[in-house]
Amino acid sequence: MPKTVEQIRAEYEVAGGRAFFAEGRFAVVNCTFKDSKNGNRFATVELRDGTGSFTARAFDAALIVGIDEAGAIDARLKVEEFNGAMSCVINAWDVAELTSDDVLRLGGLDPEVHAQRVATLEAWLGQCDGTVYGDVLRACFAEPGTWEAFCMAPAAVRLHHAEPGGLVRHLVEVGSAGLALLDSTGTDYDRPYFLAGVFLHDLGKLDTYTLPPTISYTAQGLMGEHQIWSTFRLAKACGVAGAPRSVEARLLHIIEQAHGAYKHAEWQDALGPEAKALAAADFFSSRLGETEKERKAQLALDRLLADEAAAGAARGFDSLADGSASPSGEPTAQATGLF
Ligand SMILES: [Fe+2]
Ligand SMILES: [Fe+2]
């Protein structure tokens, strides 16, 4: 009986460290190969379905061949605890016979929601038309296939928005959050400049990651970080669009500053509210992906809440039952369940 990622995680939570087997259909959203200390090759794969994702490993030499190109698999897994976390080992798999759209859906792409996000980006692109920033952006997407690849690209191999169309999802979040920040100031700002920053800051991800279903680093991605490739694409587009050096400098600055919240570009300060808004919004969006540590913390919190609900729900109504109320005679907030 096939199980979903959610069902497998739930079974693991109640298994108390006991190993069990599970079968399911998953998209292989990324795959890396490594050599163990004894020289044996093994594969680490991120498996995903509509309910979530987890990391699994395949050790058998026959099992790692072709898994990076399978797209989606029907897999049999051994699930157990290892170093305090869920460990999944692939015991057997077959290529799942699906259409490429189905593989993308399994990989986390909802076609309707995705189409709405693409429409948002197209509208923002249109709002830049007629400005020098619009010229640069149109030059970025002029090469046939670039826009299509952009719409399908992931935003990461692992950390955040690491799914088909993940880059589009990330940019809609960054653009929406950044515009809200800029609007909150009540002062004028350069909207096309900010939007150009949204489109450009991660454009180099088209160079650094393979396109779905299976997302991995390209040779370019292993040679240099995506923001370097973003500026490289910017330089080419500025050449095509005939953009002045001042525009090139502003755009390079906003790309660099979008990554300043981490470890780059700390030696200079972000110039202007547009660069500050982009950096803040990008930092927020890029942290939305859930790490294993966050998942653990959430589980621990859920357990605590469940314990409190079991013990504390009655206590919350004690004050009503024993007649204790606020001096005004109104039930307290705690008694009414507000907190
Ligand atoms: Fe980035
Ligand atoms: Fe970003």
# chains A, B, ... in the order shown; residues from 1 in each chain; ligands from 1
>>> residues_near_ligand(ligand="ligand 1", cutoff="9 Å", atoms="only C-alpha atoms and all ligand atoms", output="PyMOL selection string")
chain A and resi 155-156+201-205+225-227+230+255-256+258-259+282+286
>>> write_last_selection(atoms="N, CA and C atoms", output="mmCIF file, in the first residue's frame")
data_model
loop_
_atom_site.group_PDB
_atom_site.id
_atom_site.type_symbol
_atom_site.label_atom_id
_atom_site.label_comp_id
_atom_site.auth_asym_id
_atom_site.auth_seq_id
_atom_site.Cartn_x
_atom_site.Cartn_y
_atom_site.Cartn_z
ATOM 1 N N ALA A 155 14.722 27.765 -7.130
ATOM 2 C CA ALA A 155 15.500 28.848 -6.523
ATOM 3 C C ALA A 155 16.680 28.304 -5.723
ATOM 4 N N ALA A 156 16.723 26.995 -5.557
ATOM 5 C CA ALA A 156 17.827 26.398 -4.805
ATOM 6 C C ALA A 156 17.842 24.902 -5.063
ATOM 7 N N HIS A 201 18.219 39.801 -9.402
ATOM 8 C CA HIS A 201 19.134 39.407 -8.328
ATOM 9 C C HIS A 201 19.438 37.905 -8.316
ATOM 10 N N ASP A 202 18.489 37.088 -8.766
ATOM 11 C CA ASP A 202 18.722 35.640 -8.775
ATOM 12 C C ASP A 202 18.727 35.054 -10.183
ATOM 13 N N LEU A 203 18.864 35.910 -11.186
ATOM 14 C CA LEU A 203 18.796 35.424 -12.570
ATOM 15 C C LEU A 203 19.895 34.401 -12.860
ATOM 16 N N GLY A 204 21.012 34.530 -12.154
ATOM 17 C CA GLY A 204 22.122 33.596 -12.350
ATOM 18 C C GLY A 204 21.790 32.173 -11.943
ATOM 19 N N LYS A 205 20.642 31.991 -11.270
ATOM 20 C CA LYS A 205 20.240 30.626 -10.921
ATOM 21 C C LYS A 205 19.918 29.814 -12.173
ATOM 22 N N GLU A 225 29.159 31.298 -7.466
ATOM 23 C CA GLU A 225 27.849 31.493 -6.841
ATOM 24 C C GLU A 225 26.880 32.191 -7.805
ATOM 25 N N HIS A 226 25.578 31.987 -7.537
ATOM 26 C CA HIS A 226 24.591 32.451 -8.512
ATOM 27 C C HIS A 226 24.600 33.967 -8.711
ATOM 28 N N GLN A 227 24.912 34.729 -7.635
ATOM 29 C CA GLN A 227 24.879 36.188 -7.809
ATOM 30 C C GLN A 227 25.967 36.680 -8.761
ATOM 31 N N SER A 230 24.438 36.185 -11.991
ATOM 32 C CA SER A 230 23.413 37.230 -12.202
ATOM 33 C C SER A 230 24.058 38.494 -12.761
ATOM 34 N N ILE A 255 21.777 43.985 -6.998
ATOM 35 C CA ILE A 255 22.003 42.526 -7.008
ATOM 36 C C ILE A 255 22.915 42.144 -5.850
ATOM 37 N N GLU A 256 23.993 42.889 -5.698
ATOM 38 C CA GLU A 256 24.958 42.557 -4.653
ATOM 39 C C GLU A 256 24.339 42.732 -3.265
ATOM 40 N N ALA A 258 21.240 42.521 -2.425
ATOM 41 C CA ALA A 258 20.221 41.509 -2.108
ATOM 42 C C ALA A 258 20.864 40.334 -1.386
ATOM 43 N N HIS A 259 22.156 40.158 -1.577
ATOM 44 C CA HIS A 259 22.864 39.053 -0.936
ATOM 45 C C HIS A 259 23.684 39.513 0.252
ATOM 46 N N ASP A 282 14.210 39.661 0.408
ATOM 47 C CA ASP A 282 14.903 38.449 -0.047
ATOM 48 C C ASP A 282 15.316 37.596 1.150
ATOM 49 N N SER A 286 13.870 33.844 1.584
ATOM 50 C CA SER A 286 14.832 32.745 1.485
ATOM 51 C C SER A 286 14.892 31.915 2.773
#
>>> residues_around(residues="segment 163-166 of chain A", least_positions_apart="5", cutoff="6 Å", atoms="only C-alpha atoms", output="list in words")
Leu109, Cys151, Met152, Ala153, Pro154, Ala155 and Pro212 of chain A
>>> write_last_selection(atoms="C-alpha atoms", output="mmCIF file, in the first residue's frame")
data_model
loop_
_atom_site.group_PDB
_atom_site.id
_atom_site.type_symbol
_atom_site.label_atom_id
_atom_site.label_comp_id
_atom_site.auth_asym_id
_atom_site.auth_seq_id
_atom_site.Cartn_x
_atom_site.Cartn_y
_atom_site.Cartn_z
ATOM 1 C CA LEU A 109 4.322 22.666 -8.755
ATOM 2 C CA CYS A 151 9.492 30.131 -15.236
ATOM 3 C CA MET A 152 10.451 26.512 -14.554
ATOM 4 C CA ALA A 153 13.705 27.098 -12.628
ATOM 5 C CA PRO A 154 14.156 26.241 -8.951
ATOM 6 C CA ALA A 155 15.500 28.848 -6.523
ATOM 7 C CA PRO A 212 13.432 20.169 -12.926
#
>>> residues_around(residues="Gly134 of chain A", least_positions_apart="2", cutoff="10 Å", atoms="only C-alpha atoms", output="PyMOL selection string")
chain A and resi 124-132+136-140+192-193+195-196+241
>>> residues_around(residues="Glu11 of chain A", least_positions_apart="4", cutoff="12 Å", atoms="only C-alpha atoms", output="VMD selection string")
chain A and resid 3 to 7 15 to 22 79 to 81 86
>>> closest_residue(among="A:Glu143, A:Glu173, A:Asp101, A:Asp74", to="ligand 2", atoms="only C-alpha atoms and all ligand atoms")
A:Glu173
>>> residues_around(residues="Thr120 of chain A", least_positions_apart="4", cutoff="10 Å", atoms="only C-alpha atoms", output="list in words")
His114, Ala115, Gln116, Trp124, Leu125, Gly126, Val168, Leu171, Val172, Gly175 and Ser176 of chain A
>>> select_by_dssp(residues="segment 124-229 of chain A", states="helix (DSSP H, G or I)", output="PyMOL selection string")
chain A and resi 124-128+132-140+146-152+166-184+191-201+205-208+219-223+226-229
>>> closest_residue(among="A:Ala281, A:Ala58, A:Ile64, A:Ala85", to="ligand 2", atoms="only C-alpha atoms and all ligand atoms")
A:Ala281
>>> residues_around(residues="segment 51-53 of chain A", least_positions_apart="2", cutoff="10 Å", atoms="only C-alpha atoms", output="list in words")
Thr4, Val5, Glu6, Gln7, Arg9, Phe26, Ala27, Val28, Val29, Glu46, Leu47, Arg48, Asp49, Thr55, Ala56, Leu106, Gly107 and Gly108 of chain A
>>> closest_residue(among="A:Gln220, A:Lys296, A:Ala235, A:Leu159", to="ligand 2", atoms="only C-alpha atoms and all ligand atoms")
A:Leu159
